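What follows is a set of notes on a single structure, which appears directly below.
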Amino acid sequence: MVTQKKRIAIIPGDGIGPEVISEALKVIQASHAAVETTQFDWSATRYLADGVTVPPHGFDMLAREFDAILLGALGDPRVPTNIHAKEILLGMRVKMDLYANVRPVRLLDASLCPLKAIEPKDIDFVVVRENTEGAYVDAGGVFKQGTPDEIAVQEDVNTRKGVDRVIRYAFEFCERHKKQDGSPRQRVLMCDKSNAMTHAGGLWQRVFKEVSKEYPQITAQHLYVDALCTQMVRDPRPFDVIVTNNLFGDIITDLAAGLQGGLGMAASGNIHPGKTSMFEPVHGSAPPLAGANIANPLGAILTGSMMLRHLGLAEEGAKIEAAVLEAVKQKKTTRDIGGNLGTHEAGEWVAKQVLG
């Protein structure tokens, strides 16, 4: 029986994006995953050449023709407004309705964590961030710009539908996914600032309480975002699944990345169950590092593994994760996490490990 290959759209993007995505693809190919890839040049370079950020009907094409999207990073100082990044990345999240931003936080080796007496078994949680609403919808405006009376308004938009579905996703994720050691996930913690942001926070509080009743086997917890940040750097061991809004999710996941070795180690998925979803490393385009062969490719490689698991290619995804773990243990990595390899060499080492 011939297995139909999963179709993956590749958007390398800007800065270090093309370098790390190249290594991720090399590792995916080494896993012999049943995939076929098509590259797209959506980037600052394309925008500067012809003024196009997203071609007409581009998102419809991605949703229709591909099973998943692997995105490098977007952002380039040659485009000070970053209009291309906004229209591609935020446009993709919103127009393709990729409402759940899923960011696993897993410590691979104790040497990568800045906290004392923390072992890999102590950090294995997931942040589910609402991805299409909140403070990032660009609602609001500026009045009397450039004058002493300037007023800037940024609206925080939350709908019951949007809040309900991302909270429900978090409970479903907790129910379906185990930790790396095989133990079940048991807790969903909702993070907000409802003591100060009473309107939006009140909606999140009400929906969280309602939805949690449908999952009596899962412990429902709550922390204000400032208390959560304190707990995360004091003792992250109690965390399991965290669900929160767009803004807070963006901030706390970068903080969480610091627990696992930095942004270069962090993977993420932008997911709508049953639809074409997009996967991207968290680190951003880092223009000063571009072309220097020093960027850490492991976040992109782990993102590729996450994508394969999402597509039902769990065995291949697990093989990649095991190879990355071995690279970290043997210090076959870039300098930011204790090795002395370049971007290309680190990717090559992981690919060879996957091949066996």
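Residues in the structure tokens are numbered from 1 in each chain, the chains being A, B, ... in the order shown, and ligands are numbered from 1 in the order shown.
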
Next on the checklist: I'd like to know which residues of stretch 208-280 of chain A are strand (DSSP E or B) (by DSSP, run on the backbone); could you write them as JSON, numbers by chain?
Outcome noted: {"A": [219, 220, 221, 222, 223, 224, 241, 242, 243, 244, 269, 270, 271, 277, 278, 279]}

List every residue of stretch 85-160 of chain A that has an atom at most 9 Å from any atom of stretch 170-187 of chain A, and for each one report the closest atom pair and its distance in Å to one decimal, counting only C-alpha atoms, with rows sorted by chain and then by increasing residue number, as a Markdown table.
| residue | atom | partner | partner_atom | distance |
| --- | --- | --- | --- | --- |
| A:Ala100 | CA | A:Ala170 | CA | 8.7 |
| A:Arg106 | CA | A:Gln180 | CA | 8.6 |
| A:Lys121 | CA | A:Asp181 | CA | 7.9 |
| A:Asp124 | CA | A:Lys179 | CA | 6.7 |
| A:Phe125 | CA | A:Lys179 | CA | 7.9 |
| A:Val127 | CA | A:Ala170 | CA | 8.5 |
| A:Val128 | CA | A:Ala170 | CA | 6.3 |

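Using only C-alpha atoms for every distance, the candidate list A:Asn101, A:Thr253, A:Thr159, A:Ser22 yields A:Ser22 as the residue closest to A:Ala300.
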
Next on the checklist: For a test of reading the model, state the distance in Å between atom CA of A:Gly342 and atom CA of A:Glu321, rounded to one decimal.
Outcome noted: 19.5 Å

Next on the checklist: Can you tell me which residues surround A:Gly162 at a distance of at most 9 Å, considering only C-alpha atoms, apart from same-chain residues fewer than 4 positions away, and format the answer as a list of chain:residue names?
Outcome noted: A:Tyr99, A:Glu130, A:Thr132, A:Glu133, A:Asn158, A:Val166, A:Ile167

Just write the chosen residues, N, CA and C atoms, as a compact mmCIF listing (two decimals), in the first residue's frame.
# COMPACT_ATOMS: atom_id res chain seq x y z
N TYR A 99 -6.34 29.58 15.56
CA TYR A 99 -6.67 30.24 16.82
C TYR A 99 -5.88 29.76 18.03
N GLU A 130 -4.24 32.15 22.91
CA GLU A 130 -5.24 32.56 21.92
C GLU A 130 -4.51 33.38 20.87
N THR A 132 -5.86 34.83 17.67
CA THR A 132 -6.53 35.62 16.63
C THR A 132 -7.25 36.85 17.18
N GLU A 133 -7.22 37.05 18.48
CA GLU A 133 -7.96 38.18 19.08
C GLU A 133 -7.03 38.97 20.00
N ASN A 158 -11.98 40.61 22.75
CA ASN A 158 -12.20 39.22 23.17
C ASN A 158 -13.65 38.84 22.90
N VAL A 166 -10.56 28.41 22.58
CA VAL A 166 -9.16 28.20 22.96
C VAL A 166 -9.06 27.54 24.34
N ILE A 167 -9.97 27.88 25.24
CA ILE A 167 -10.00 27.21 26.54
C ILE A 167 -10.37 25.75 26.36

Checklist entry - Between A:Ala267, A:Val105, A:Ile337, A:Ala286, which has the minimum distance to A:Asp76 (counting only C-alpha atoms)? => result A:Ala286

Checklist entry - Mind pulling up the distance from atom CA of A:Asn245 to atom CA of A:Gln205? => result 11.9 Å

Item to check | For A:Lys329: contacts at 12 Å, only C-alpha atoms, fewer than 4 positions along chain excluded, given as a VMD selection string | outcome: chain A and resid 107 to 112 120 322 to 325 333 337 to 339 350

Based on the selection just made, write N, CA and C atoms of those residues as a PDB file, in the first residue's frame.
ATOM      1  N   LEU A 107      12.479  20.975  29.075  1.00  0.00           N
ATOM      2  CA  LEU A 107      13.905  21.070  29.346  1.00  0.00           C
ATOM      3  C   LEU A 107      14.580  19.762  28.932  1.00  0.00           C
ATOM      4  N   LEU A 108      15.553  19.844  28.029  1.00  0.00           N
ATOM      5  CA  LEU A 108      16.243  18.655  27.548  1.00  0.00           C
ATOM      6  C   LEU A 108      17.441  18.278  28.407  1.00  0.00           C
ATOM      7  N   ASP A 109      18.067  19.261  29.032  1.00  0.00           N
ATOM      8  CA  ASP A 109      19.245  18.976  29.851  1.00  0.00           C
ATOM      9  C   ASP A 109      19.334  20.034  30.958  1.00  0.00           C
ATOM     10  N   ALA A 110      19.705  19.609  32.152  1.00  0.00           N
ATOM     11  CA  ALA A 110      19.744  20.523  33.297  1.00  0.00           C
ATOM     12  C   ALA A 110      20.676  21.708  33.055  1.00  0.00           C
ATOM     13  N   SER A 111      21.699  21.517  32.245  1.00  0.00           N
ATOM     14  CA  SER A 111      22.666  22.591  31.991  1.00  0.00           C
ATOM     15  C   SER A 111      22.049  23.780  31.256  1.00  0.00           C
ATOM     16  N   LEU A 112      20.917  23.571  30.617  1.00  0.00           N
ATOM     17  CA  LEU A 112      20.291  24.638  29.838  1.00  0.00           C
ATOM     18  C   LEU A 112      19.384  25.538  30.676  1.00  0.00           C
ATOM     19  N   PRO A 120      15.446  17.843  33.963  1.00  0.00           N
ATOM     20  CA  PRO A 120      14.529  17.768  32.816  1.00  0.00           C
ATOM     21  C   PRO A 120      13.113  17.320  33.169  1.00  0.00           C
ATOM     22  N   ALA A 322      14.509  12.584  19.678  1.00  0.00           N
ATOM     23  CA  ALA A 322      15.567  11.810  20.325  1.00  0.00           C
ATOM     24  C   ALA A 322      16.946  12.261  19.844  1.00  0.00           C
ATOM     25  N   ALA A 323      17.049  12.583  18.560  1.00  0.00           N
ATOM     26  CA  ALA A 323      18.329  13.040  18.007  1.00  0.00           C
ATOM     27  C   ALA A 323      18.716  14.403  18.570  1.00  0.00           C
ATOM     28  N   VAL A 324      17.756  15.288  18.715  1.00  0.00           N
ATOM     29  CA  VAL A 324      18.027  16.604  19.298  1.00  0.00           C
ATOM     30  C   VAL A 324      18.475  16.452  20.748  1.00  0.00           C
ATOM     31  N   LEU A 325      17.804  15.591  21.483  1.00  0.00           N
ATOM     32  CA  LEU A 325      18.193  15.342  22.872  1.00  0.00           C
ATOM     33  C   LEU A 325      19.639  14.854  22.951  1.00  0.00           C
ATOM     34  N   THR A 333      26.137  21.188  19.417  1.00  0.00           N
ATOM     35  CA  THR A 333      25.195  22.286  19.254  1.00  0.00           C
ATOM     36  C   THR A 333      25.941  23.581  18.967  1.00  0.00           C
ATOM     37  N   ILE A 337      24.139  27.313  23.448  1.00  0.00           N
ATOM     38  CA  ILE A 337      23.728  26.291  24.406  1.00  0.00           C
ATOM     39  C   ILE A 337      24.872  25.325  24.728  1.00  0.00           C
ATOM     40  N   GLY A 338      26.100  25.824  24.637  1.00  0.00           N
ATOM     41  CA  GLY A 338      27.229  25.078  25.164  1.00  0.00           C
ATOM     42  C   GLY A 338      28.080  24.311  24.179  1.00  0.00           C
ATOM     43  N   GLY A 339      27.728  24.303  22.898  1.00  0.00           N
ATOM     44  CA  GLY A 339      28.536  23.586  21.922  1.00  0.00           C
ATOM     45  C   GLY A 339      29.492  24.513  21.201  1.00  0.00           C
ATOM     46  N   VAL A 350      22.553  16.405  13.703  1.00  0.00           N
ATOM     47  CA  VAL A 350      21.250  15.851  14.056  1.00  0.00           C
ATOM     48  C   VAL A 350      20.714  14.967  12.926  1.00  0.00           C
TER      49      VAL A 350
END

Item to check | Residues within 6 Å of A:Gly134, only C-alpha atoms, excluding chain neighbours under 2 positions, as a list in words | outcome: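 Here the qualifying residues turn out to be Tyr136, Asp156, Val157, Asn158 and Asn246 of chain A.
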
Print the selection's residues with N, CA, C and O atoms to a file, as a short mmCIF file (atom, residue, chain, number, x, y, z; two decimals), in the first residue's frame.
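Below is the file again_36.cif, written as the result:
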data_model
loop_
_atom_site.label_atom_id
_atom_site.label_comp_id
_atom_site.auth_asym_id
_atom_site.auth_seq_id
_atom_site.Cartn_x
_atom_site.Cartn_y
_atom_site.Cartn_z
N TYR A 136 -3.75 42.17 19.74
CA TYR A 136 -3.03 42.13 18.48
C TYR A 136 -3.93 42.24 17.24
O TYR A 136 -3.46 42.01 16.13
N ASP A 156 -8.35 45.83 23.17
CA ASP A 156 -8.16 44.42 23.49
C ASP A 156 -9.50 43.72 23.23
O ASP A 156 -10.44 43.85 24.00
N VAL A 157 -9.57 43.00 22.11
CA VAL A 157 -10.84 42.44 21.64
C VAL A 157 -10.93 40.96 22.02
O VAL A 157 -10.07 40.16 21.66
N ASN A 158 -11.98 40.61 22.75
CA ASN A 158 -12.20 39.22 23.17
C ASN A 158 -13.65 38.84 22.90
O ASN A 158 -14.57 39.53 23.35
N ASN A 246 -3.78 36.47 23.92
CA ASN A 246 -2.74 36.68 22.91
C ASN A 246 -1.52 37.41 23.48
O ASN A 246 -0.37 36.97 23.32
#

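For the pair atom CA of A:His272 and atom CA of A:Asn82, the separation is 25.5 Å.
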
Apply DSSP to the structure's backbone, then extract all residues of stretch 15-111 of chain A labelled helix (DSSP H, G or I) and return them as a PDB file with N, CA and C atoms, in the first residue's frame.
ATOM      1  N   GLY A  17      15.913  32.903   9.175  1.00  0.00           N
ATOM      2  CA  GLY A  17      14.872  31.957   8.787  1.00  0.00           C
ATOM      3  C   GLY A  17      15.319  30.942   7.748  1.00  0.00           C
ATOM      4  N   PRO A  18      15.850  31.392   6.595  1.00  0.00           N
ATOM      5  CA  PRO A  18      16.273  30.428   5.579  1.00  0.00           C
ATOM      6  C   PRO A  18      17.332  29.446   6.072  1.00  0.00           C
ATOM      7  N   GLU A  19      18.245  29.915   6.939  1.00  0.00           N
ATOM      8  CA  GLU A  19      19.309  29.023   7.433  1.00  0.00           C
ATOM      9  C   GLU A  19      18.757  27.916   8.320  1.00  0.00           C
ATOM     10  N   VAL A  20      17.902  28.284   9.286  1.00  0.00           N
ATOM     11  CA  VAL A  20      17.419  27.266  10.232  1.00  0.00           C
ATOM     12  C   VAL A  20      16.382  26.358   9.585  1.00  0.00           C
ATOM     13  N   ILE A  21      15.593  26.899   8.666  1.00  0.00           N
ATOM     14  CA  ILE A  21      14.606  26.064   7.985  1.00  0.00           C
ATOM     15  C   ILE A  21      15.304  25.059   7.072  1.00  0.00           C
ATOM     16  N   SER A  22      16.411  25.465   6.465  1.00  0.00           N
ATOM     17  CA  SER A  22      17.180  24.541   5.642  1.00  0.00           C
ATOM     18  C   SER A  22      17.646  23.341   6.465  1.00  0.00           C
ATOM     19  N   GLU A  23      18.094  23.598   7.692  1.00  0.00           N
ATOM     20  CA  GLU A  23      18.546  22.496   8.557  1.00  0.00           C
ATOM     21  C   GLU A  23      17.359  21.645   9.008  1.00  0.00           C
ATOM     22  N   ALA A  24      16.236  22.274   9.307  1.00  0.00           N
ATOM     23  CA  ALA A  24      15.043  21.516   9.703  1.00  0.00           C
ATOM     24  C   ALA A  24      14.590  20.587   8.583  1.00  0.00           C
ATOM     25  N   LEU A  25      14.612  21.087   7.350  1.00  0.00           N
ATOM     26  CA  LEU A  25      14.220  20.255   6.207  1.00  0.00           C
ATOM     27  C   LEU A  25      15.188  19.098   6.008  1.00  0.00           C
ATOM     28  N   LYS A  26      16.451  19.357   6.218  1.00  0.00           N
ATOM     29  CA  LYS A  26      17.465  18.300   6.092  1.00  0.00           C
ATOM     30  C   LYS A  26      17.165  17.165   7.078  1.00  0.00           C
ATOM     31  N   VAL A  27      16.790  17.540   8.305  1.00  0.00           N
ATOM     32  CA  VAL A  27      16.507  16.547   9.335  1.00  0.00           C
ATOM     33  C   VAL A  27      15.199  15.814   9.031  1.00  0.00           C
ATOM     34  N   ILE A  28      14.192  16.529   8.569  1.00  0.00           N
ATOM     35  CA  ILE A  28      12.928  15.885   8.197  1.00  0.00           C
ATOM     36  C   ILE A  28      13.157  14.863   7.086  1.00  0.00           C
ATOM     37  N   GLN A  29      13.961  15.231   6.104  1.00  0.00           N
ATOM     38  CA  GLN A  29      14.277  14.298   5.013  1.00  0.00           C
ATOM     39  C   GLN A  29      15.026  13.074   5.530  1.00  0.00           C
ATOM     40  N   ALA A  30      15.917  13.282   6.506  1.00  0.00           N
ATOM     41  CA  ALA A  30      16.672  12.165   7.080  1.00  0.00           C
ATOM     42  C   ALA A  30      15.763  11.187   7.812  1.00  0.00           C
ATOM     43  N   ALA A  44      10.822  39.735   3.029  1.00  0.00           N
ATOM     44  CA  ALA A  44      11.181  41.134   2.805  1.00  0.00           C
ATOM     45  C   ALA A  44      11.799  41.321   1.423  1.00  0.00           C
ATOM     46  N   THR A  45      12.630  40.382   1.010  1.00  0.00           N
ATOM     47  CA  THR A  45      13.272  40.483  -0.306  1.00  0.00           C
ATOM     48  C   THR A  45      12.233  40.515  -1.408  1.00  0.00           C
ATOM     49  N   ARG A  46      11.238  39.651  -1.332  1.00  0.00           N
ATOM     50  CA  ARG A  46      10.167  39.641  -2.322  1.00  0.00           C
ATOM     51  C   ARG A  46       9.394  40.958  -2.275  1.00  0.00           C
ATOM     52  N   TYR A  47       9.090  41.434  -1.078  1.00  0.00           N
ATOM     53  CA  TYR A  47       8.335  42.676  -0.936  1.00  0.00           C
ATOM     54  C   TYR A  47       9.099  43.859  -1.522  1.00  0.00           C
ATOM     55  N   LEU A  48      10.397  43.914  -1.256  1.00  0.00           N
ATOM     56  CA  LEU A  48      11.197  45.014  -1.779  1.00  0.00           C
ATOM     57  C   LEU A  48      11.337  44.947  -3.295  1.00  0.00           C
ATOM     58  N   ALA A  49      11.246  43.747  -3.848  1.00  0.00           N
ATOM     59  CA  ALA A  49      11.401  43.579  -5.294  1.00  0.00           C
ATOM     60  C   ALA A  49      10.151  43.963  -6.061  1.00  0.00           C
ATOM     61  N   ASP A  50       8.982  43.563  -5.559  1.00  0.00           N
ATOM     62  CA  ASP A  50       7.760  43.811  -6.343  1.00  0.00           C
ATOM     63  C   ASP A  50       6.581  44.340  -5.531  1.00  0.00           C
ATOM     64  N   GLY A  58      -3.519  33.992  -1.696  1.00  0.00           N
ATOM     65  CA  GLY A  58      -2.423  33.168  -1.194  1.00  0.00           C
ATOM     66  C   GLY A  58      -2.820  32.278  -0.032  1.00  0.00           C
ATOM     67  N   PHE A  59      -3.560  32.824   0.929  1.00  0.00           N
ATOM     68  CA  PHE A  59      -3.955  32.032   2.086  1.00  0.00           C
ATOM     69  C   PHE A  59      -4.962  30.951   1.704  1.00  0.00           C
ATOM     70  N   ASP A  60      -5.852  31.275   0.779  1.00  0.00           N
ATOM     71  CA  ASP A  60      -6.804  30.260   0.293  1.00  0.00           C
ATOM     72  C   ASP A  60      -6.060  29.108  -0.369  1.00  0.00           C
ATOM     73  N   MET A  61      -5.016  29.442  -1.123  1.00  0.00           N
ATOM     74  CA  MET A  61      -4.217  28.419  -1.786  1.00  0.00           C
ATOM     75  C   MET A  61      -3.539  27.506  -0.765  1.00  0.00           C
ATOM     76  N   LEU A  62      -2.961  28.104   0.285  1.00  0.00           N
ATOM     77  CA  LEU A  62      -2.303  27.307   1.316  1.00  0.00           C
ATOM     78  C   LEU A  62      -3.294  26.362   1.996  1.00  0.00           C
ATOM     79  N   ALA A  63      -4.459  26.883   2.318  1.00  0.00           N
ATOM     80  CA  ALA A  63      -5.469  26.068   3.001  1.00  0.00           C
ATOM     81  C   ALA A  63      -5.991  24.952   2.107  1.00  0.00           C
ATOM     82  N   ARG A  64      -6.036  25.200   0.832  1.00  0.00           N
ATOM     83  CA  ARG A  64      -6.609  24.234  -0.121  1.00  0.00           C
ATOM     84  C   ARG A  64      -5.607  23.165  -0.541  1.00  0.00           C
ATOM     85  N   GLU A  65      -4.357  23.542  -0.711  1.00  0.00           N
ATOM     86  CA  GLU A  65      -3.395  22.651  -1.365  1.00  0.00           C
ATOM     87  C   GLU A  65      -2.384  21.992  -0.432  1.00  0.00           C
ATOM     88  N   ILE A  83       5.679  45.760   7.381  1.00  0.00           N
ATOM     89  CA  ILE A  83       4.360  45.496   6.819  1.00  0.00           C
ATOM     90  C   ILE A  83       4.261  44.091   6.243  1.00  0.00           C
ATOM     91  N   HIS A  84       5.356  43.614   5.662  1.00  0.00           N
ATOM     92  CA  HIS A  84       5.309  42.268   5.077  1.00  0.00           C
ATOM     93  C   HIS A  84       5.141  41.209   6.165  1.00  0.00           C
ATOM     94  N   ALA A  85       5.836  41.409   7.297  1.00  0.00           N
ATOM     95  CA  ALA A  85       5.724  40.450   8.399  1.00  0.00           C
ATOM     96  C   ALA A  85       4.311  40.445   8.962  1.00  0.00           C
ATOM     97  N   LYS A  86       3.747  41.627   9.099  1.00  0.00           N
ATOM     98  CA  LYS A  86       2.387  41.730   9.628  1.00  0.00           C
ATOM     99  C   LYS A  86       1.385  41.055   8.703  1.00  0.00           C
ATOM    100  N   GLU A  87       1.497  41.336   7.420  1.00  0.00           N
ATOM    101  CA  GLU A  87       0.500  40.801   6.487  1.00  0.00           C
ATOM    102  C   GLU A  87       0.671  39.302   6.257  1.00  0.00           C
ATOM    103  N   ILE A  88       1.902  38.793   6.367  1.00  0.00           N
ATOM    104  CA  ILE A  88       2.110  37.360   6.166  1.00  0.00           C
ATOM    105  C   ILE A  88       1.807  36.596   7.453  1.00  0.00           C
ATOM    106  N   LEU A  89       2.502  36.937   8.537  1.00  0.00           N
ATOM    107  CA  LEU A  89       2.375  36.159   9.770  1.00  0.00           C
ATOM    108  C   LEU A  89       1.039  36.381  10.461  1.00  0.00           C
ATOM    109  N   LEU A  90       0.740  37.630  10.816  1.00  0.00           N
ATOM    110  CA  LEU A  90      -0.527  37.885  11.491  1.00  0.00           C
ATOM    111  C   LEU A  90      -1.698  37.625  10.549  1.00  0.00           C
ATOM    112  N   GLY A  91      -1.499  37.931   9.263  1.00  0.00           N
ATOM    113  CA  GLY A  91      -2.547  37.642   8.288  1.00  0.00           C
ATOM    114  C   GLY A  91      -2.846  36.159   8.214  1.00  0.00           C
ATOM    115  N   MET A  92      -1.802  35.339   8.217  1.00  0.00           N
ATOM    116  CA  MET A  92      -1.989  33.896   8.163  1.00  0.00           C
ATOM    117  C   MET A  92      -2.732  33.397   9.394  1.00  0.00           C
ATOM    118  N   ARG A  93      -2.328  33.865  10.562  1.00  0.00           N
ATOM    119  CA  ARG A  93      -2.982  33.433  11.793  1.00  0.00           C
ATOM    120  C   ARG A  93      -4.459  33.794  11.801  1.00  0.00           C
ATOM    121  N   VAL A  94      -4.767  35.018  11.385  1.00  0.00           N
ATOM    122  CA  VAL A  94      -6.148  35.485  11.465  1.00  0.00           C
ATOM    123  C   VAL A  94      -6.991  34.977  10.295  1.00  0.00           C
ATOM    124  N   LYS A  95      -6.500  35.137   9.063  1.00  0.00           N
ATOM    125  CA  LYS A  95      -7.311  34.784   7.901  1.00  0.00           C
ATOM    126  C   LYS A  95      -7.472  33.282   7.724  1.00  0.00           C
ATOM    127  N   ALA A 110      19.705  19.609  32.152  1.00  0.00           N
ATOM    128  CA  ALA A 110      19.744  20.523  33.297  1.00  0.00           C
ATOM    129  C   ALA A 110      20.676  21.708  33.055  1.00  0.00           C
ATOM    130  N   SER A 111      21.699  21.517  32.245  1.00  0.00           N
ATOM    131  CA  SER A 111      22.666  22.591  31.991  1.00  0.00           C
ATOM    132  C   SER A 111      22.049  23.780  31.256  1.00  0.00           C
TER     133      SER A 111
END
